[in-house]
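Data first, discussion second: the structure below is written as structure tokens.
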Amino acid sequence: MSGAAAGAEAFTAARPRLRALAYRFLGSMADAEDMVQAAWLRWAEADQDAVADAEAYLRRIVARLCLDELKSARRKRDTYIGPWLPEPVVETDPLAGQAAAEEVSVALMLALERLSPLERAAFLLHEVFGGTSEDVAATLGRTPAAVRQLAARARAHVQEARPRFPVSPEDGQRIAGAFRAAIETGDAAALQRLLAEDAVLRTDGGGVVSAAINPVFGAERIARFFSGLARKARLGRRHEMAWINGLPGYVTRFEDGSVQTTALEIEGGAIRSVYVVRNPEKLRGLLG
């Protein structure tokens with residue numbers, strides 16, 4: 001095998017993990033793909049014969065590209081209209097959905113958003129992708145001791161976002177189905193029974209389409225919100241059960257061609273968080 005072919009094969013083998021790393025950095029699959037493509041261009045120009053570990057080398061490139069991108073992304077977040085949610089990762093297979101629950105849950109992605117860029121990088125590279133303190137230090141331009149401190153601080157923040165009582169696929173689909181049916185009929189009482197008393201609803205329209213500008217807190221207020229939407233509904237729709245960032249939920253397709261995702265964080269049989277993504281820029285992969 002020629003050197004160029006071997007290099008291309010090494011990149012192809014590493015690509016899924018590189019994309020997964022970039023998505024966790026940026027919360028956008030489209031941006032993650034851009035970072036991976038930029039890494040490929042740099043890899044093609046590198047002295048590949050001098051690289052002992054291709055994936056570690058590529059991971060370093062992607063991490064540095066993502067850190068640069070985060071600076072721009074954070075400026076955009078400051079002017080983002082309404083709640084920001086990560087671009088949905090949609091699975092129709094319950095097993096794949098369950099696997100994603102630990103890796104890219106919405107709560108985890110939001111917890112990562114609250115970290116500083118360096119904390120986020122240290123956590124992802126050290127804790128999630130298993131890099132040594134020395135390797136991560138070389139990537140970030142910090143000492144190994146500083147990396148361990150960054151990762152420890154990040155781990156303490158992220159630990160709270162880990163699902164404590166993962167819902168079974170059967171229970172998740174049952175509750176998501178009941179929630180969807182109650183929304184369709186505008187049954188506020190049924191909705192309130194499904195929601196934890198301190199539940200929260202976040203809807204991401206990005207200022208592009210209509211959505212609640214602020215989170216909606218409390219079962220009663222959330223039930224009233226959805227009941228009101230049901231009374232105003234004008235468009236026909238169809239729903240597809242799915243796992244969204246590891247959470248049970250569904251994809252809704254409207255007759256005008258628009259789409260949205262609804263993901264439910266469930267604990268103790270009650271819905272604690274509802275995440276609705278309506279921003280079409282985050283849903284391009286689901287259109288058509």
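Chain identifiers are assigned as A, B, and so on, following the order in which chains appear in the structure tokens; residues are numbered from 1 within each chain, and ligands are numbered from 1 in order of appearance.
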
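Residues surrounding Ser133 of chain A within 8 Å are His126, Val136, Ala137, Pro144, Ala145, Val147 and Arg148 of chain A [only C-alpha atoms; sequence separation below 3 positions excluded].
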
Write a file of the just-selected residues containing N, CA, C and O atoms, as a PDB file, in the first residue's frame.
ATOM      1  N   HIS A 126      -9.305  14.139  27.706  1.00  0.00           N
ATOM      2  CA  HIS A 126      -8.774  13.313  28.790  1.00  0.00           C
ATOM      3  C   HIS A 126      -9.795  12.308  29.285  1.00  0.00           C
ATOM      4  O   HIS A 126      -9.526  11.101  29.376  1.00  0.00           O
ATOM      5  N   VAL A 136      -2.659  15.517  26.167  1.00  0.00           N
ATOM      6  CA  VAL A 136      -3.587  16.644  26.208  1.00  0.00           C
ATOM      7  C   VAL A 136      -2.836  17.940  26.475  1.00  0.00           C
ATOM      8  O   VAL A 136      -3.152  18.989  25.907  1.00  0.00           O
ATOM      9  N   ALA A 137      -1.819  17.877  27.329  1.00  0.00           N
ATOM     10  CA  ALA A 137      -1.007  19.059  27.619  1.00  0.00           C
ATOM     11  C   ALA A 137      -0.333  19.580  26.354  1.00  0.00           C
ATOM     12  O   ALA A 137      -0.279  20.795  26.108  1.00  0.00           O
ATOM     13  N   PRO A 144       0.945  19.055  32.208  1.00  0.00           N
ATOM     14  CA  PRO A 144       0.080  17.929  32.585  1.00  0.00           C
ATOM     15  C   PRO A 144      -0.690  18.192  33.878  1.00  0.00           C
ATOM     16  O   PRO A 144      -1.859  17.809  34.002  1.00  0.00           O
ATOM     17  N   ALA A 145      -0.055  18.858  34.835  1.00  0.00           N
ATOM     18  CA  ALA A 145      -0.735  19.150  36.101  1.00  0.00           C
ATOM     19  C   ALA A 145      -1.918  20.090  35.864  1.00  0.00           C
ATOM     20  O   ALA A 145      -2.997  19.920  36.440  1.00  0.00           O
ATOM     21  N   VAL A 147      -3.603  20.357  33.106  1.00  0.00           N
ATOM     22  CA  VAL A 147      -4.627  19.583  32.395  1.00  0.00           C
ATOM     23  C   VAL A 147      -5.459  18.772  33.375  1.00  0.00           C
ATOM     24  O   VAL A 147      -6.688  18.717  33.285  1.00  0.00           O
ATOM     25  N   ARG A 148      -4.783  18.118  34.326  1.00  0.00           N
ATOM     26  CA  ARG A 148      -5.519  17.320  35.316  1.00  0.00           C
ATOM     27  C   ARG A 148      -6.447  18.197  36.144  1.00  0.00           C
ATOM     28  O   ARG A 148      -7.569  17.792  36.483  1.00  0.00           O
TER      29      ARG A 148
END

Could you list, as a PyMOL selection string, every residue within 9 Å of Arg193 of chain A, counting only C-alpha atoms and ignoring same-chain residues fewer than 5 positions away? chain A and resi 188+219+270

Atoms kept (N, CA and C atoms) for selection, written as a PDB file, in the first residue's frame:
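Once written, result-v4.pdb looks like this:
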ATOM      1  N   ALA A 188     -54.527  19.475  28.628  1.00  0.00           N
ATOM      2  CA  ALA A 188     -53.627  20.062  29.619  1.00  0.00           C
ATOM      3  C   ALA A 188     -53.520  19.187  30.869  1.00  0.00           C
ATOM      4  N   ALA A 219     -44.816  22.318  35.663  1.00  0.00           N
ATOM      5  CA  ALA A 219     -45.716  21.448  34.905  1.00  0.00           C
ATOM      6  C   ALA A 219     -46.960  22.190  34.431  1.00  0.00           C
ATOM      7  N   ALA A 270     -41.441  10.428  35.311  1.00  0.00           N
ATOM      8  CA  ALA A 270     -41.987  11.760  35.005  1.00  0.00           C
ATOM      9  C   ALA A 270     -41.021  12.516  34.101  1.00  0.00           C
TER      10      ALA A 270
END

Leu150 of chain A surroundings by only C-alpha atoms, 12 Å radius, close-in-sequence under 4 positions cut, as a PyMOL selection string: chain A and resi 115-127+133+136-137+140+142-146+154-157

Find, counting only C-alpha atoms, the residue in A:Ala107, A:Arg202, A:Ile271, A:Leu70 that gets nearest to Ala178 of chain A. A:Ile271

Rank A:Pro94, A:Gly228, A:Gly206, A:Pro169 by their smallest atom-to-atom distance to Leu283 of chain A, using only C-alpha atoms, and report the top residue only. A:Gly206

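Residue nearest Glu240 of chain A, chosen from A:Glu91, A:Ala212, A:Gln159, A:Leu110 and counting only C-alpha atoms: A:Glu91.
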
Using only C-alpha atoms, which residues sit within 8 Å of segment 61-63 of chain A once same-chain residues fewer than 5 positions away are excluded, as a PyMOL selection string? chain A and resi 18+21-22+35-36+39+121+139

Kindly save the residues from that selection, with N, CA, C and O atoms included, as a JSON list (two decimals), in the first residue's frame.
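Generated file (part-v5.json):
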[["chain", "number", "residue", "atom", "x", "y", "z"],
["A", 18, "LEU", "N", -13.31, 11.39, 15.20],
["A", 18, "LEU", "CA", -12.99, 12.80, 15.05],
["A", 18, "LEU", "C", -14.27, 13.64, 14.95],
["A", 18, "LEU", "O", -14.37, 14.71, 15.56],
["A", 21, "LEU", "N", -15.83, 13.85, 18.36],
["A", 21, "LEU", "CA", -15.12, 14.82, 19.20],
["A", 21, "LEU", "C", -15.53, 16.24, 18.83],
["A", 21, "LEU", "O", -15.85, 17.06, 19.71],
["A", 22, "ALA", "N", -15.55, 16.54, 17.54],
["A", 22, "ALA", "CA", -15.88, 17.90, 17.11],
["A", 22, "ALA", "C", -17.33, 18.26, 17.46],
["A", 22, "ALA", "O", -17.61, 19.40, 17.83],
["A", 35, "MET", "N", -14.86, 20.84, 10.58],
["A", 35, "MET", "CA", -13.60, 20.67, 11.31],
["A", 35, "MET", "C", -12.87, 19.42, 10.83],
["A", 35, "MET", "O", -11.64, 19.43, 10.67],
["A", 36, "VAL", "N", -13.61, 18.35, 10.59],
["A", 36, "VAL", "CA", -12.99, 17.11, 10.13],
["A", 36, "VAL", "C", -12.41, 17.31, 8.73],
["A", 36, "VAL", "O", -11.31, 16.83, 8.42],
["A", 39, "ALA", "N", -9.27, 19.17, 9.03],
["A", 39, "ALA", "CA", -8.22, 18.28, 9.54],
["A", 39, "ALA", "C", -7.66, 17.42, 8.42],
["A", 39, "ALA", "O", -6.45, 17.15, 8.36],
["A", 121, "ALA", "N", -12.13, 21.25, 26.49],
["A", 121, "ALA", "CA", -11.13, 20.48, 25.74],
["A", 121, "ALA", "C", -10.46, 19.44, 26.64],
["A", 121, "ALA", "O", -10.29, 18.28, 26.24],
["A", 139, "THR", "N", -1.42, 19.22, 23.34],
["A", 139, "THR", "CA", -2.46, 19.78, 22.48],
["A", 139, "THR", "C", -2.85, 21.18, 22.92],
["A", 139, "THR", "O", -3.03, 22.08, 22.09]]

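Here atom CA of Leu264 of chain A stands at a distance of 17.1 Å from atom CA of Ala211 of chain A.
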
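Using only C-alpha atoms, the nearest neighbour of Ala199 of chain A within the list A:Glu184, A:Glu69, A:Glu160, A:Glu267 is A:Glu267.
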
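Atom to atom, atom CA of Leu191 of chain A and atom CA of Asn214 of chain A stand 19.9 Å apart.
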
Could you name the residues that touch Phe217 of chain A at 12 Å or less, counting only C-alpha atoms, but leaving out those on the same chain fewer than 5 positions away, as an NGL selection string? :A and (195-203 or 212 or 222-225 or 272-274)

Name the residues of segment 25-254 of chain A that come out as helix (DSSP H, G or I) in a backbone DSSP run; write them as a PyMOL selection string. chain A and resi 25-26+29-45+48-50+54-78+94-104+106-113+117-128+133-140+144-159+169-185+188-194+219-232

Could you save the residues just selected, with C-alpha atoms, as a short mmCIF file (atom, residue, chain, number, x, y, z; two decimals), in the first residue's frame?
data_model
loop_
_atom_site.label_atom_id
_atom_site.label_comp_id
_atom_site.auth_asym_id
_atom_site.auth_seq_id
_atom_site.Cartn_x
_atom_site.Cartn_y
_atom_site.Cartn_z
CA PHE A 25 -16.94 20.62 21.17
CA LEU A 26 -19.36 22.57 18.99
CA MET A 29 -22.85 18.23 13.22
CA ALA A 30 -22.42 20.59 10.26
CA ASP A 31 -19.61 22.45 12.04
CA ALA A 32 -18.13 19.13 13.14
CA GLU A 33 -17.96 17.99 9.52
CA ASP A 34 -16.22 21.26 8.61
CA MET A 35 -13.60 20.67 11.31
CA VAL A 36 -12.99 17.11 10.13
CA GLN A 37 -12.62 18.28 6.54
CA ALA A 38 -10.15 20.96 7.62
CA ALA A 39 -8.22 18.28 9.54
CA TRP A 40 -8.07 16.15 6.39
CA LEU A 41 -6.48 19.03 4.45
CA ARG A 42 -3.84 19.45 7.15
CA TRP A 43 -3.27 15.70 7.32
CA ALA A 44 -2.75 15.56 3.55
CA GLU A 45 0.05 18.15 3.86
CA GLN A 48 2.65 11.20 7.67
CA ASP A 49 5.62 8.84 7.80
CA ALA A 50 6.86 10.73 10.87
CA ALA A 54 -2.29 8.83 13.34
CA GLU A 55 -5.51 9.07 15.36
CA ALA A 56 -3.85 10.91 18.24
CA TYR A 57 -2.25 13.30 15.77
CA LEU A 58 -5.57 13.91 14.02
CA ARG A 59 -7.40 14.32 17.32
CA ARG A 60 -4.90 17.03 18.24
CA ILE A 61 -5.58 18.85 14.97
CA VAL A 62 -9.36 18.66 15.41
CA ALA A 63 -9.17 19.83 19.03
CA ARG A 64 -7.11 22.87 18.09
CA LEU A 65 -9.43 23.72 15.20
CA CYS A 66 -12.44 23.39 17.50
CA LEU A 67 -10.88 25.61 20.16
CA ASP A 68 -10.44 28.33 17.56
CA GLU A 69 -14.01 27.80 16.36
CA LEU A 70 -15.36 27.96 19.92
CA LYS A 71 -14.19 31.56 20.24
CA SER A 72 -16.39 32.50 17.29
CA ALA A 73 -19.23 30.22 18.43
CA ARG A 74 -19.32 31.83 21.87
CA ARG A 75 -19.69 35.26 20.32
CA LYS A 76 -22.64 33.92 18.33
CA ARG A 77 -24.15 32.41 21.50
CA ASP A 78 -24.11 35.84 23.14
CA PRO A 94 -33.60 2.13 20.53
CA LEU A 95 -30.25 0.41 21.15
CA ALA A 96 -28.39 3.14 19.29
CA GLY A 97 -30.45 5.71 21.15
CA GLN A 98 -29.55 4.21 24.50
CA ALA A 99 -25.85 4.21 23.57
CA ALA A 100 -26.09 7.91 22.74
CA ALA A 101 -27.65 8.74 26.12
CA GLU A 102 -24.31 8.68 27.90
CA GLU A 103 -22.39 10.32 25.08
CA VAL A 104 -24.42 13.20 23.64
CA VAL A 106 -28.83 17.27 25.72
CA ALA A 107 -28.13 17.77 29.43
CA LEU A 108 -24.50 16.74 28.89
CA MET A 109 -24.12 19.02 25.86
CA LEU A 110 -25.58 21.94 27.83
CA ALA A 111 -23.22 21.17 30.72
CA LEU A 112 -20.28 21.25 28.30
CA GLU A 113 -21.50 24.65 27.07
CA PRO A 117 -13.07 26.27 26.22
CA LEU A 118 -9.98 24.84 27.94
CA GLU A 119 -12.04 22.95 30.52
CA ARG A 120 -14.18 21.55 27.75
CA ALA A 121 -11.13 20.48 25.74
CA ALA A 122 -9.42 18.90 28.75
CA PHE A 123 -12.56 17.01 29.73
CA LEU A 124 -13.26 15.70 26.24
CA LEU A 125 -9.70 14.74 25.38
CA HIS A 126 -8.77 13.31 28.79
CA GLU A 127 -12.01 11.93 30.23
CA VAL A 128 -14.03 11.00 27.14
CA SER A 133 -2.33 14.13 30.56
CA GLU A 134 0.90 14.51 28.62
CA ASP A 135 -0.83 14.22 25.22
CA VAL A 136 -3.59 16.64 26.21
CA ALA A 137 -1.01 19.06 27.62
CA ALA A 138 0.82 19.06 24.27
CA THR A 139 -2.46 19.78 22.48
CA LEU A 140 -3.50 22.62 24.76
CA PRO A 144 0.08 17.93 32.58
CA ALA A 145 -0.73 19.15 36.10
CA ALA A 146 -2.80 22.01 34.69
CA VAL A 147 -4.63 19.58 32.40
CA ARG A 148 -5.52 17.32 35.32
CA GLN A 149 -6.85 20.32 37.23
CA LEU A 150 -8.91 21.51 34.25
CA ALA A 151 -10.33 18.02 33.71
CA ALA A 152 -11.18 17.62 37.40
CA ARG A 153 -13.07 20.92 37.49
CA ALA A 154 -14.94 20.02 34.33
CA ARG A 155 -15.75 16.53 35.61
CA ALA A 156 -17.32 17.97 38.75
CA HIS A 157 -19.63 20.17 36.66
CA VAL A 158 -20.49 17.50 34.11
CA GLN A 159 -21.16 14.75 36.64
CA PRO A 169 -36.61 1.97 25.69
CA GLU A 170 -40.09 0.63 26.39
CA ASP A 171 -40.91 3.18 29.09
CA GLY A 172 -39.34 5.98 27.09
CA GLN A 173 -41.40 5.26 24.01
CA ARG A 174 -44.57 4.81 26.06
CA ILE A 175 -44.18 8.14 27.85
CA ALA A 176 -43.16 9.95 24.65
CA GLY A 177 -46.22 8.52 22.90
CA ALA A 178 -48.52 9.62 25.71
CA PHE A 179 -46.95 13.09 25.73
CA ARG A 180 -47.36 13.45 21.98
CA ALA A 181 -51.00 12.32 22.12
CA ALA A 182 -51.79 14.80 24.90
CA ILE A 183 -50.24 17.63 22.88
CA GLU A 184 -52.22 16.64 19.79
CA THR A 185 -55.50 16.88 21.69
CA ALA A 188 -53.63 20.06 29.62
CA ALA A 189 -54.60 17.75 32.49
CA ALA A 190 -52.98 14.74 30.81
CA LEU A 191 -49.86 16.75 30.05
CA GLN A 192 -49.57 17.92 33.65
CA ARG A 193 -49.80 14.34 34.89
CA LEU A 194 -46.87 13.34 32.68
CA ALA A 219 -45.72 21.45 34.90
CA GLU A 220 -48.79 23.67 34.94
CA ARG A 221 -47.25 26.41 32.78
CA ILE A 222 -45.81 23.90 30.31
CA ALA A 223 -49.18 22.16 30.02
CA ARG A 224 -50.89 25.50 29.35
CA PHE A 225 -48.24 26.37 26.76
CA PHE A 226 -48.79 23.21 24.72
CA SER A 227 -52.55 23.32 25.18
CA GLY A 228 -52.55 26.82 23.74
CA LEU A 229 -50.48 25.71 20.75
CA ALA A 230 -52.94 22.89 20.07
CA ARG A 231 -55.80 25.40 19.86
CA LYS A 232 -53.85 27.52 17.37
#
